[in-house]
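Colleague: Structure file work_4.cif (mmCIF, C-alpha atoms (C1' of nucleotides)) right here:
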data_run
#
loop_
_atom_site.label_atom_id
_atom_site.label_comp_id
_atom_site.auth_asym_id
_atom_site.auth_seq_id
_atom_site.Cartn_x
_atom_site.Cartn_y
_atom_site.Cartn_z
CA MET A 1 4.80 26.17 57.66
CA ALA A 2 3.63 27.75 54.43
CA ARG A 3 3.27 25.75 51.24
CA SER A 4 6.47 24.08 50.23
CA LYS A 5 8.05 25.16 46.96
CA LYS A 6 7.08 21.83 45.47
CA ASP A 7 3.42 22.35 46.33
CA GLN A 8 3.61 25.83 44.86
CA ILE A 9 5.00 24.36 41.67
CA VAL A 10 2.35 21.67 41.39
CA GLU A 11 -0.43 24.16 41.98
CA GLY A 12 1.00 26.64 39.51
CA ALA A 13 1.52 23.90 36.96
CA LEU A 14 -2.11 22.78 37.29
CA MET A 15 -3.34 26.31 36.62
CA ALA A 16 -1.02 26.77 33.67
CA PHE A 17 -1.58 23.37 32.04
CA ALA A 18 -5.35 23.69 32.42
CA GLN A 19 -5.38 27.13 30.87
CA TYR A 20 -2.99 26.64 28.01
CA GLY A 21 -2.72 22.89 27.48
CA TYR A 22 0.48 20.89 27.69
CA SER A 23 2.32 22.23 24.68
CA ASP A 24 1.39 25.86 25.08
CA THR A 25 2.48 25.93 28.67
CA THR A 26 6.08 26.99 29.04
CA MET A 27 8.21 26.08 31.97
CA ASP A 28 8.95 29.79 32.29
CA ALA A 29 5.24 30.46 32.67
CA ILE A 30 4.88 27.81 35.36
CA ALA A 31 7.85 29.28 37.19
CA ASP A 32 6.20 32.71 37.00
CA VAL A 33 2.82 31.52 38.28
CA ALA A 34 4.38 29.43 41.02
CA GLU A 35 6.66 32.32 41.96
CA VAL A 36 9.70 30.14 41.80
CA ALA A 37 12.84 30.19 39.70
CA LYS A 38 12.93 28.01 36.64
CA GLY A 39 15.79 26.04 38.09
CA THR A 40 13.66 25.06 41.06
CA LEU A 41 11.23 23.38 38.69
CA TYR A 42 14.05 21.22 37.43
CA TYR A 43 15.30 20.60 40.93
CA HIS A 44 12.02 18.88 41.82
CA PHE A 45 11.04 17.44 38.44
CA SER A 46 13.49 16.35 35.84
CA THR A 47 11.31 17.12 32.82
CA LYS A 48 8.16 18.99 31.89
CA GLU A 49 6.59 15.62 31.14
CA GLU A 50 7.31 14.34 34.64
CA LEU A 51 5.77 17.43 36.21
CA PHE A 52 2.70 17.11 34.02
CA LEU A 53 2.14 13.47 34.90
CA TYR A 54 2.60 14.22 38.59
CA VAL A 55 -0.12 16.86 38.41
CA ILE A 56 -2.55 14.54 36.60
CA GLU A 57 -1.79 11.63 38.89
CA LYS A 58 -2.51 13.68 41.96
CA GLY A 59 -5.76 14.92 40.44
CA VAL A 60 -7.04 11.49 39.48
CA LYS A 61 -6.27 10.23 42.97
CA MET A 62 -8.38 13.05 44.39
CA LEU A 63 -11.26 12.15 42.10
CA ILE A 64 -11.09 8.47 43.03
CA ASP A 65 -11.01 9.30 46.74
CA SER A 66 -13.99 11.52 46.30
CA VAL A 67 -15.96 8.72 44.59
CA ASP A 68 -14.89 6.19 47.20
CA SER A 69 -16.01 8.41 50.05
CA VAL A 70 -19.54 8.50 48.65
CA MET A 71 -19.80 4.83 47.75
CA GLN A 72 -18.78 3.81 51.24
CA ARG A 73 -21.42 5.86 53.02
CA GLU A 74 -23.40 3.30 55.00
CA ASP A 75 -26.09 5.87 55.74
CA LEU A 76 -27.26 5.92 52.13
CA SER A 77 -29.20 3.26 50.28
CA MET A 78 -27.52 1.76 47.25
CA ASP A 79 -29.53 3.67 44.70
CA GLN A 80 -29.12 6.90 46.62
CA ARG A 81 -25.40 6.37 46.36
CA VAL A 82 -25.45 6.35 42.55
CA LEU A 83 -27.15 9.71 42.40
CA CYS A 84 -24.89 10.97 45.12
CA VAL A 85 -21.82 9.92 43.13
CA LEU A 86 -23.14 11.94 40.22
CA ASP A 87 -23.58 14.95 42.49
CA GLU A 88 -20.11 14.38 43.81
CA HIS A 89 -18.72 14.50 40.27
CA LEU A 90 -20.44 17.81 39.71
CA ARG A 91 -19.16 19.19 42.98
CA PHE A 92 -15.66 17.92 42.35
CA PHE A 93 -15.53 19.28 38.83
CA SER A 94 -16.89 22.64 39.86
CA GLU A 95 -14.46 22.90 42.74
CA ASN A 96 -11.56 21.79 40.58
CA ARG A 97 -12.28 23.46 37.29
CA GLU A 98 -8.70 23.38 36.15
CA LEU A 99 -8.39 19.69 36.81
CA CYS A 100 -11.71 19.07 35.11
CA LEU A 101 -10.47 20.81 31.99
CA LEU A 102 -7.28 18.80 32.02
CA LEU A 103 -9.01 15.46 32.45
CA LEU A 104 -11.58 16.16 29.76
CA SER A 105 -8.94 16.99 27.21
CA PHE A 106 -6.68 14.14 28.18
CA PHE A 107 -6.04 13.21 24.61
CA THR A 108 -3.11 15.37 23.81
CA GLY A 109 -2.01 13.46 20.77
CA ASP A 110 1.31 12.33 22.08
CA GLN A 111 1.26 8.54 21.93
CA GLN A 112 3.35 7.96 25.03
CA ARG A 113 1.71 10.61 27.13
CA ASP A 114 -1.79 9.48 26.18
CA GLU A 115 -0.78 5.98 27.20
CA MET A 116 0.27 7.26 30.63
CA ILE A 117 -2.74 9.44 31.19
CA GLY A 118 -4.97 6.65 29.96
CA LYS A 119 -3.45 4.37 32.57
CA LEU A 120 -3.99 6.92 35.30
CA LEU A 121 -7.55 7.66 34.25
CA SER A 122 -8.27 3.98 33.90
CA GLY A 123 -7.71 3.76 37.64
CA TYR A 124 -10.74 5.96 37.95
CA PHE A 125 -12.74 4.03 35.38
CA THR A 126 -11.89 0.71 36.98
CA THR A 127 -13.09 1.97 40.34
CA MET A 128 -16.33 3.33 38.94
CA GLU A 129 -17.00 0.26 36.84
CA ALA A 130 -16.50 -2.02 39.84
CA TYR A 131 -19.04 -0.05 41.86
CA VAL A 132 -21.58 0.01 39.05
CA ALA A 133 -21.11 -3.68 38.32
CA GLU A 134 -21.76 -4.42 41.98
CA LEU A 135 -24.91 -2.32 41.92
CA GLN A 136 -26.01 -4.17 38.83
CA ARG A 137 -25.44 -7.56 40.47
CA GLU A 138 -27.50 -6.43 43.44
CA GLY A 139 -30.32 -5.36 41.16
CA PHE A 140 -30.18 -1.59 41.51
CA VAL A 141 -29.04 -1.05 37.96
CA ARG A 142 -30.88 -2.60 35.03
CA PRO A 143 -29.28 -5.86 33.97
CA ASP A 144 -29.32 -5.01 30.27
CA ILE A 145 -27.11 -1.97 30.41
CA GLU A 146 -23.42 -1.89 29.51
CA VAL A 147 -21.46 -0.90 32.60
CA ARG A 148 -18.54 0.66 30.75
CA THR A 149 -20.81 2.75 28.59
CA MET A 150 -22.79 3.90 31.57
CA VAL A 151 -19.64 5.00 33.36
CA SER A 152 -18.12 6.89 30.46
CA SER A 153 -21.48 8.53 29.88
CA LEU A 154 -21.71 9.62 33.48
CA PHE A 155 -18.21 11.04 33.29
CA GLY A 156 -18.95 12.71 29.98
CA MET A 157 -22.26 14.22 31.00
CA ALA A 158 -20.96 15.60 34.28
CA GLY A 159 -17.76 16.85 32.74
CA PHE A 160 -19.32 18.45 29.72
CA THR A 161 -22.07 20.07 31.68
CA MET A 162 -19.42 21.76 33.78
CA LEU A 163 -17.30 22.62 30.77
CA ARG A 164 -20.20 24.27 29.01
CA LYS A 165 -21.13 26.21 32.13
CA GLN A 166 -17.60 27.40 32.45
CA PHE A 167 -17.55 28.43 28.84
CA ARG A 168 -20.77 30.37 29.21
CA LYS A 169 -19.31 31.94 32.32
CA GLU A 170 -22.22 30.65 34.36
CA THR A 171 -21.44 29.97 37.95
CA GLY A 172 -22.51 27.04 40.03
CA ILE A 173 -25.00 24.28 39.39
CA THR A 174 -28.69 24.91 39.76
CA ASP A 175 -31.24 22.49 41.16
CA ALA A 176 -32.69 22.19 37.66
CA ASP A 177 -29.30 21.04 36.39
CA LYS A 178 -29.06 18.40 39.08
CA ARG A 179 -32.61 17.27 38.43
CA THR A 180 -31.87 16.90 34.74
CA LEU A 181 -28.81 14.77 35.33
CA HIS A 182 -30.60 12.69 37.97
CA LEU A 183 -33.42 12.01 35.56
CA LEU A 184 -30.99 10.96 32.86
CA LEU A 185 -29.29 8.60 35.24
CA SER A 186 -32.56 7.27 36.62
CA GLY A 187 -33.25 5.84 33.17
CA VAL A 188 -30.78 3.06 33.83
CA LEU A 189 -31.86 2.35 37.39
CA THR A 190 -34.49 -0.26 38.16
CA LYS A 191 -37.74 1.36 39.12
CA GLY A 192 -38.54 1.58 42.85
CA MET B 1 -11.43 15.84 -11.17
CA ALA B 2 -9.89 14.21 -8.12
CA ARG B 3 -9.81 16.02 -4.81
CA SER B 4 -8.66 19.57 -5.16
CA LYS B 5 -5.42 20.49 -3.49
CA LYS B 6 -7.36 22.54 -0.98
CA ASP B 7 -9.46 19.52 0.00
CA GLN B 8 -6.33 17.44 0.34
CA ILE B 9 -4.89 20.03 2.66
CA VAL B 10 -8.01 20.24 4.81
CA GLU B 11 -8.23 16.48 5.12
CA GLY B 12 -4.56 16.13 5.95
CA ALA B 13 -4.80 18.95 8.46
CA LEU B 14 -7.76 17.26 10.17
CA MET B 15 -5.79 14.04 10.56
CA ALA B 16 -2.74 15.83 11.86
CA PHE B 17 -4.54 18.19 14.24
CA ALA B 18 -6.63 15.34 15.67
CA GLN B 19 -3.61 13.18 16.23
CA TYR B 20 -1.19 15.71 17.63
CA GLY B 21 -3.26 18.67 18.77
CA TYR B 22 -2.91 22.20 17.49
CA SER B 23 0.48 23.12 18.88
CA ASP B 24 2.21 19.83 18.22
CA THR B 25 1.15 19.80 14.61
CA THR B 26 3.71 21.40 12.34
CA MET B 27 2.89 22.89 9.01
CA ASP B 28 5.59 20.68 7.53
CA ALA B 29 3.78 17.63 8.90
CA ILE B 30 0.49 18.75 7.38
CA ALA B 31 2.19 19.28 4.04
CA ASP B 32 3.62 15.77 4.29
CA VAL B 33 0.32 14.12 5.18
CA ALA B 34 -1.58 16.08 2.54
CA GLU B 35 1.13 15.29 -0.01
CA VAL B 36 1.41 18.91 -0.93
CA ALA B 37 4.25 21.40 -0.85
CA LYS B 38 4.46 23.71 2.11
CA GLY B 39 4.11 26.69 -0.18
CA THR B 40 0.71 25.38 -1.29
CA LEU B 41 -0.50 25.47 2.29
CA TYR B 42 0.31 29.14 2.44
CA TYR B 43 -1.13 29.72 -0.99
CA HIS B 44 -4.58 28.64 0.30
CA PHE B 45 -4.38 29.62 3.96
CA SER B 46 -2.40 32.53 5.21
CA THR B 47 -1.77 31.15 8.69
CA LYS B 48 -1.88 27.90 10.64
CA GLU B 49 -4.65 29.44 12.74
CA GLU B 50 -6.77 30.12 9.68
CA LEU B 51 -6.35 26.56 8.43
CA PHE B 52 -7.26 25.17 11.84
CA LEU B 53 -10.43 27.23 12.14
CA TYR B 54 -11.44 26.27 8.61
CA VAL B 55 -11.13 22.59 9.52
CA ILE B 56 -13.21 22.98 12.67
CA GLU B 57 -15.81 25.11 10.95
CA LYS B 58 -16.31 22.54 8.23
CA GLY B 59 -16.60 19.77 10.81
CA VAL B 60 -19.19 21.54 12.94
CA LYS B 61 -21.23 22.28 9.83
CA MET B 62 -21.23 18.58 9.00
CA LEU B 63 -22.40 17.73 12.51
CA ILE B 64 -25.20 20.28 12.38
CA ASP B 65 -26.33 19.02 8.98
CA SER B 66 -26.35 15.51 10.29
CA VAL B 67 -28.56 16.52 13.24
CA ASP B 68 -30.86 18.54 10.99
CA SER B 69 -31.35 15.65 8.62
CA VAL B 70 -32.67 13.49 11.45
CA MET B 71 -34.87 16.11 13.09
CA GLN B 72 -36.57 16.83 9.81
CA ARG B 73 -37.56 13.25 9.07
CA GLU B 74 -41.34 13.35 8.81
CA ASP B 75 -41.52 9.56 8.91
CA LEU B 76 -40.48 9.47 12.55
CA SER B 77 -42.51 10.43 15.59
CA MET B 78 -41.13 13.23 17.71
CA ASP B 79 -39.80 11.01 20.46
CA GLN B 80 -38.31 8.60 17.97
CA ARG B 81 -36.38 11.54 16.58
CA VAL B 82 -34.66 12.27 19.88
CA LEU B 83 -33.32 8.75 20.15
CA CYS B 84 -32.44 8.84 16.49
CA VAL B 85 -30.44 12.03 16.98
CA LEU B 86 -28.48 10.28 19.70
CA ASP B 87 -27.78 7.39 17.35
CA GLU B 88 -26.77 9.87 14.71
CA HIS B 89 -24.24 11.41 17.08
CA LEU B 90 -22.76 8.00 17.71
CA ARG B 91 -22.62 7.24 14.01
CA PHE B 92 -21.16 10.61 13.17
CA PHE B 93 -18.52 10.41 15.87
CA SER B 94 -17.53 6.91 14.94
CA GLU B 95 -17.31 7.76 11.27
CA ASN B 96 -15.37 10.93 11.98
CA ARG B 97 -13.12 9.90 14.83
CA GLU B 98 -10.59 12.59 14.15
CA LEU B 99 -13.19 15.31 14.18
CA CYS B 100 -14.73 13.86 17.33
CA LEU B 101 -11.34 14.05 19.05
CA LEU B 102 -10.87 17.63 17.95
CA LEU B 103 -14.30 18.77 19.06
CA LEU B 104 -14.06 17.07 22.43
CA SER B 105 -10.80 18.75 23.23
CA PHE B 106 -11.84 22.08 21.86
CA PHE B 107 -10.49 23.92 24.83
CA THR B 108 -6.97 24.51 23.74
CA GLY B 109 -6.22 27.25 26.18
CA ASP B 110 -5.63 30.00 23.72
CA GLN B 111 -8.12 32.70 24.61
CA GLN B 112 -8.78 33.90 21.08
CA ARG B 113 -8.95 30.48 19.51
CA ASP B 114 -11.26 29.15 22.23
CA GLU B 115 -13.49 32.12 21.60
CA MET B 116 -13.69 31.23 17.90
CA ILE B 117 -14.20 27.53 18.41
CA GLY B 118 -16.74 28.30 21.09
CA LYS B 119 -18.66 30.41 18.61
CA LEU B 120 -18.56 27.67 16.00
CA LEU B 121 -19.61 24.96 18.45
CA SER B 122 -22.30 27.19 19.83
CA GLY B 123 -23.89 26.99 16.39
CA TYR B 124 -24.30 23.30 17.07
CA PHE B 125 -25.54 23.85 20.62
CA THR B 126 -28.03 26.49 19.51
CA THR B 127 -29.44 24.13 16.90
CA MET B 128 -29.74 21.24 19.35
CA GLU B 129 -31.21 23.40 22.09
CA ALA B 130 -33.84 24.77 19.73
CA TYR B 131 -34.94 21.26 18.78
CA VAL B 132 -35.04 20.07 22.36
CA ALA B 133 -36.92 23.16 23.51
CA GLU B 134 -39.50 22.53 20.80
CA LEU B 135 -39.88 18.92 21.88
CA GLN B 136 -40.31 20.13 25.44
CA ARG B 137 -43.02 22.60 24.41
CA GLU B 138 -44.83 19.82 22.59
CA GLY B 139 -44.67 17.62 25.65
CA PHE B 140 -42.22 14.96 24.55
CA VAL B 141 -39.56 16.05 26.98
CA ARG B 142 -40.29 16.50 30.69
CA PRO B 143 -41.08 20.13 31.49
CA ASP B 144 -38.80 20.21 34.54
CA ILE B 145 -35.54 19.50 32.77
CA GLU B 146 -32.94 22.08 31.83
CA VAL B 147 -32.58 22.08 28.05
CA ARG B 148 -28.99 23.28 27.96
CA THR B 149 -27.89 20.70 30.48
CA MET B 150 -29.65 17.96 28.59
CA VAL B 151 -27.91 18.93 25.36
CA SER B 152 -24.42 19.18 26.80
CA SER B 153 -25.01 15.87 28.53
CA LEU B 154 -26.07 14.22 25.31
CA PHE B 155 -23.02 15.59 23.56
CA GLY B 156 -20.78 14.56 26.43
CA MET B 157 -22.14 11.06 26.78
CA ALA B 158 -22.00 10.29 23.08
CA GLY B 159 -18.58 11.85 22.67
CA PHE B 160 -16.99 10.26 25.68
CA THR B 161 -18.42 6.88 24.95
CA MET B 162 -16.73 7.03 21.57
CA LEU B 163 -13.52 8.42 23.01
CA ARG B 164 -13.30 5.64 25.54
CA LYS B 165 -13.97 3.03 22.89
CA GLN B 166 -11.29 4.47 20.72
CA PHE B 167 -8.89 4.47 23.61
CA ARG B 168 -9.63 0.84 24.42
CA LYS B 169 -9.20 0.10 20.74
CA GLU B 170 -12.69 -1.34 20.61
CA THR B 171 -14.36 -1.03 17.27
CA GLY B 172 -17.92 -0.07 16.57
CA ILE B 173 -20.89 0.37 18.83
CA THR B 174 -22.78 -2.63 20.11
CA ASP B 175 -26.53 -2.88 20.57
CA ALA B 176 -25.94 -2.96 24.31
CA ASP B 177 -24.16 0.37 24.07
CA LYS B 178 -27.04 1.89 22.16
CA ARG B 179 -29.56 0.46 24.60
CA THR B 180 -27.65 1.95 27.52
CA LEU B 181 -27.58 5.41 26.00
CA HIS B 182 -31.24 5.18 24.97
CA LEU B 183 -32.21 4.25 28.51
CA LEU B 184 -30.24 7.16 29.90
CA LEU B 185 -31.96 9.52 27.52
CA SER B 186 -35.38 8.01 28.11
CA GLY B 187 -35.14 9.25 31.69
CA VAL B 188 -35.88 12.77 30.54
CA LEU B 189 -38.64 11.85 28.11
CA THR B 190 -42.26 11.79 29.16
CA LYS B 191 -43.49 8.27 29.48
CA GLY B 192 -45.61 6.90 26.64
"C1'" DT C 1 -0.92 34.38 -20.39
"C1'" DT C 2 -2.34 33.73 -15.76
"C1'" DT C 3 -2.93 30.94 -11.94
"C1'" DT C 4 -1.43 27.36 -9.18
"C1'" DT C 5 2.09 24.34 -7.40
"C1'" DT C 6 6.63 22.92 -6.09
"C1'" DG C 7 10.92 22.69 -3.35
"C1'" DT C 8 14.68 24.57 -1.31
"C1'" DA C 9 16.79 27.73 1.54
"C1'" DC C 10 16.38 31.01 4.99
"C1'" DT C 11 15.08 33.97 9.27
"C1'" DG C 12 13.90 35.05 13.82
"C1'" DA C 13 11.21 34.12 17.79
"C1'" DC C 14 10.52 30.95 21.22
"C1'" DC C 15 11.38 27.42 24.69
"C1'" DA C 16 13.08 22.95 27.12
"C1'" DG C 17 16.67 21.95 29.54
"C1'" DT C 18 21.55 23.19 31.56
"C1'" DC C 19 24.85 24.79 34.70
"C1'" DA C 20 27.85 27.75 37.36
"C1'" DG C 21 27.10 29.95 41.20
"C1'" DT C 22 24.31 31.67 45.66
"C1'" DT C 23 22.00 30.96 50.12
"C1'" DC C 24 21.62 29.22 54.48
"C1'" DA C 25 20.97 26.25 58.29
"C1'" DA C 26 22.78 22.56 60.61
"C1'" DA C 27 26.69 19.55 61.60
"C1'" DA C 28 31.60 19.01 62.46
"C1'" DA C 29 35.93 20.67 63.73
"C1'" DT C 30 38.76 23.82 66.29
"C1'" DA D 1 32.25 29.64 71.73
"C1'" DT D 2 33.89 30.22 67.14
"C1'" DT D 3 35.07 28.79 62.71
"C1'" DT D 4 34.72 25.74 58.96
"C1'" DT D 5 32.44 22.46 56.12
"C1'" DT D 6 28.65 20.31 54.05
"C1'" DG D 7 24.74 19.68 51.20
"C1'" DA D 8 20.21 20.49 49.97
"C1'" DA D 9 17.40 24.09 47.95
"C1'" DC D 10 17.36 27.58 44.86
"C1'" DT D 11 18.48 31.02 41.07
"C1'" DG D 12 18.50 32.97 36.28
"C1'" DA D 13 21.41 33.77 32.25
"C1'" DC D 14 22.51 30.96 28.56
"C1'" DT D 15 22.44 27.29 24.70
"C1'" DG D 16 20.82 24.44 21.12
"C1'" DG D 17 17.07 22.93 18.67
"C1'" DT D 18 12.51 23.63 16.67
"C1'" DC D 19 9.10 25.67 13.81
"C1'" DA D 20 5.88 29.38 11.72
"C1'" DG D 21 6.29 32.00 8.21
"C1'" DT D 22 9.01 34.08 4.02
"C1'" DA D 23 11.31 34.30 -0.50
"C1'" DC D 24 11.63 33.04 -4.91
"C1'" DA D 25 12.67 30.82 -9.20
"C1'" DA D 26 11.19 27.26 -11.96
"C1'" DA D 27 7.67 24.09 -13.50
"C1'" DA D 28 2.95 22.57 -14.36
"C1'" DA D 29 -1.85 23.47 -15.15
"C1'" DA D 30 -5.69 25.98 -16.70
#
Rewrite the structure from the file as structure tokens, please.
Modeller:
Amino acid sequence: MARSKKDQIVEGALMAFAQYGYSDTTMDAIADVAEVAKGTLYYHFSTKEELFLYVIEKGVKMLIDSVDSVMQREDLSMDQRVLCVLDEHLRFFSENRELCLLLLSFFTGDQQRDEMIGKLLSGYFTTMEAYVAELQREGFVRPDIEVRTMVSSLFGMAGFTMLRKQFRKETGITDADKRTLHLLLSGVLTKG
Amino acid sequence: MARSKKDQIVEGALMAFAQYGYSDTTMDAIADVAEVAKGTLYYHFSTKEELFLYVIEKGVKMLIDSVDSVMQREDLSMDQRVLCVLDEHLRFFSENRELCLLLLSFFTGDQQRDEMIGKLLSGYFTTMEAYVAELQREGFVRPDIEVRTMVSSLFGMAGFTMLRKQFRKETGITDADKRTLHLLLSGVLTKG
DNA sequence: TTTTTTGTACTGACCAGTCAGTTCAAAAAT
DNA sequence: ATTTTTGAACTGACTGGTCAGTACAAAAAA
């Protein structure tokens, strides 16, 4: 079976929302990109809002899964896992540019929507913070660092590095980029 | 003389744009916030676009000035200046929350506008990259790091840390926050 | 006098959401 | 076997509201 219409819609909506932002994306445009009639959009989602949240929710879930899969790798030492999670962020963001854009600009201004997206994203932050806190308890992360700040920094540095690359139309991440981010992160790890 | 009408407009526009985003901000709303008649808006700025770009441009200039003022302090050693620039970012972002929000979500989707904002922001990036490159040449920053990546990371970590704080309705930056960011940054500095 | 500001009223483009109607495959009736 | 019915999936023209930008006359400032 080919993609279902619903999948087509979600994919098209992701492209459109990422490119134009929530308000500048019209339902007609989504219908065009998804190659579906406008009515079909409203058959599957009752409002633009609902479609938007569905797209974000799915994306955040993917990001969380991707983090989980690294943190549960028994073949890596604890401190290797931190660096590997950073790499995974870079990989994820570069493979899902549209989603990356959406997540980085999650403050859309709308009170209610921000609330929702905040809740969804906080699923991600909670996951990350739990992992980092555990690492800190086990002595792999310096005891005097603020977990929350470390996590939002990691998210911000990975995200913005990708964003800037995308803006400069550079493709892919070089070894020097990775090294730079690893070194930044190593500042908060306890020394070997 | 009190604030000129034009200043009132720019300030009101900053508030409105930061809160609602470009598209969801109406000119009527800006006029309301700025306590100015709609006609006055169009007397000073011929389009919404023009007003928006003026606001961003002014903001980026402020950020660049703020970075310059730190990097030119002769009383600080070179490596002190790097950390001080980071602190300055935090201060600037926390004192100009609205602007911080706007700059972080500068990708609005509109091709032309992104181009413009990109150009304006790249003034900031160029400045920062020049400083960091100089520090690297003088041996205060590890030779194997990628300057551009370091700068976008710094911007991203400071910005997102503030954004997250704002979202969690936490006020101000604690010493632990600063320490965390300093430690991150110290990873790319040559050791004393 | 000239420039700036105000406020109201208006226009036209644009867009979220609606709805009457189509398609079609599978189930039920004949 | 053939016809009829059902209902879920889908379509796209249409509607009602919103908002950038205009027009302009009168008032206030400079």
Colleague: Got a sec to pull out which chain D residues are within 9 Å of chain A, counting all atoms listed in the file, and send them as a VMD selection string?
Modeller: chain D and resid 9 to 12
Colleague: Keeping only C-alpha atoms (C1' of nucleotides), write the selected residues as a JSON list (two decimals), in the frame of the given file.
Modeller:
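Output contents, as saved in out24.json:
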[["chain", "number", "residue", "atom", "x", "y", "z"],
["D", 9, "DA", "C1'", 17.40, 24.09, 47.95],
["D", 10, "DC", "C1'", 17.36, 27.58, 44.86],
["D", 11, "DT", "C1'", 18.48, 31.02, 41.07],
["D", 12, "DG", "C1'", 18.50, 32.97, 36.28]]
Colleague: Please evaluate the PyMOL selection byres ((chain B and resi 60) around 9) against the displayed coordinates and give the resulting residues as a ChimeraX atom specification.
Modeller: /B:55-59,61-65,99,103,120-121,123-124
Colleague: List, as a list of chain:residue names, every residue that the PyMOL selection byres ((chain B and resi 8) around 10) selects in the file provided.
Modeller: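 When the PyMOL selection byres ((chain B and resi 8) around 10) is applied, the selected residues are B:Ala2, B:Arg3, B:Ser4, B:Lys5, B:Lys6, B:Asp7, B:Ile9, B:Val10, B:Glu11, B:Gly12, B:Ala13, B:Leu14, B:Ile30, B:Ala31, B:Val33, B:Ala34, B:Glu35, B:Val36.
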Colleague: Under the rule of at most 8 Å, produce a per-residue listing of chain B near chain A: chain, number, name, the closest pair of atoms, and the distance in Å, as a tab-separated table, using only C-alpha atoms.
Modeller:
residue	atom	partner	partner_atom	distance
B:Ala18	CA	A:Gly109	CA	7.1
B:Gln19	CA	A:Gly109	CA	4.8
B:Tyr20	CA	A:Gly109	CA	3.9
B:Gly21	CA	A:Gly109	CA	5.7
B:Ser23	CA	A:Ser23	CA	6.1
B:Asp24	CA	A:Ser23	CA	6.9
B:Leu101	CA	A:Phe107	CA	7.7
B:Leu104	CA	A:Ser105	CA	7.0
B:Ser105	CA	A:Ser105	CA	4.7
B:Phe106	CA	A:Ser105	CA	7.9
B:Phe107	CA	A:Ser105	CA	7.5
B:Thr108	CA	A:Gly21	CA	5.9
B:Gly109	CA	A:Tyr20	CA	3.8
B:Asp110	CA	A:Tyr20	CA	6.1
B:Gly118	CA	A:Phe167	CA	7.8
B:Asp144	CA	A:Ala176	CA	7.1
B:Ile145	CA	A:Thr180	CA	4.9
B:Glu146	CA	A:Ala176	CA	5.8
B:Thr149	CA	A:Thr161	CA	6.0
B:Met150	CA	A:Thr180	CA	6.6
B:Ser152	CA	A:Thr161	CA	5.5
B:Ser153	CA	A:Met157	CA	4.0
B:Leu154	CA	A:Met157	CA	6.8
B:Phe155	CA	A:Met157	CA	7.6
B:Gly156	CA	A:Gly156	CA	4.4
B:Met157	CA	A:Ser153	CA	4.1
B:Ala158	CA	A:Ser153	CA	7.0
B:Gly159	CA	A:Gly156	CA	7.4
B:Phe160	CA	A:Gly156	CA	5.3
B:Thr161	CA	A:Ser152	CA	5.5
B:Arg164	CA	A:Ser152	CA	7.0
B:Phe167	CA	A:Gly118	CA	7.8
B:Ala176	CA	A:Glu146	CA	5.9
B:Asp177	CA	A:Glu146	CA	5.9
B:Arg179	CA	A:Ile145	CA	6.8
B:Thr180	CA	A:Ile145	CA	4.9
B:Leu181	CA	A:Met150	CA	7.5
B:Leu183	CA	A:Gly187	CA	5.0
B:Leu184	CA	A:Gly187	CA	4.6
B:Leu185	CA	A:Leu184	CA	5.6
B:Ser186	CA	A:Gly187	CA	5.9
B:Gly187	CA	A:Gly187	CA	4.2
B:Val188	CA	A:Leu183	CA	5.6
Colleague: Can you turn the PyMOL selection byres ((chain A) within 10 of (chain C)) into a concrete residue list for this file, as a ChimeraX atom specification?
Modeller: /A:25-28,39,42,46-48
Colleague: Between CA of Leu53 (chain A) and CA of Phe93 (chain A), what is the distance, to one decimal in Å?
Modeller: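 Spanning CA of Leu53 (chain A) to CA of Phe93 (chain A) is a straight-line distance of 19.0 Å.
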Colleague: Report the distance between CA of Glu50 (chain B) and CA of Cys100 (chain B) in Å, rounded to one decimal place.
Modeller: 19.7 Å
Colleague: With 4 Å on each side, where is the centre of the axis-aligned box around all listed atoms of region 3-14 of chain C, and how long are its edges in Å to one decimal, as AutoDock Vina command-line options?
Modeller:
--center_x 6.9 --center_y 28.9 --center_z 4.6 --size_x 27.7 --size_y 20.4 --size_z 41.2
Colleague: Determine, counting only C-alpha atoms (C1' of nucleotides), which protein, DNA and RNA residues have an atom within 8 Å of an atom of Phe92 (chain A); residues of the same chain fewer than 3 positions away are not included. Present the result as a list in words.
Modeller: Leu63, Ser66, Glu88, His89, Glu95 and Asn96 of chain A
Colleague: Could you tell me how far CA of Leu90 (chain A) sits from CA of Gln166 (chain A), in Å to one decimal place?
Modeller: 12.4 Å
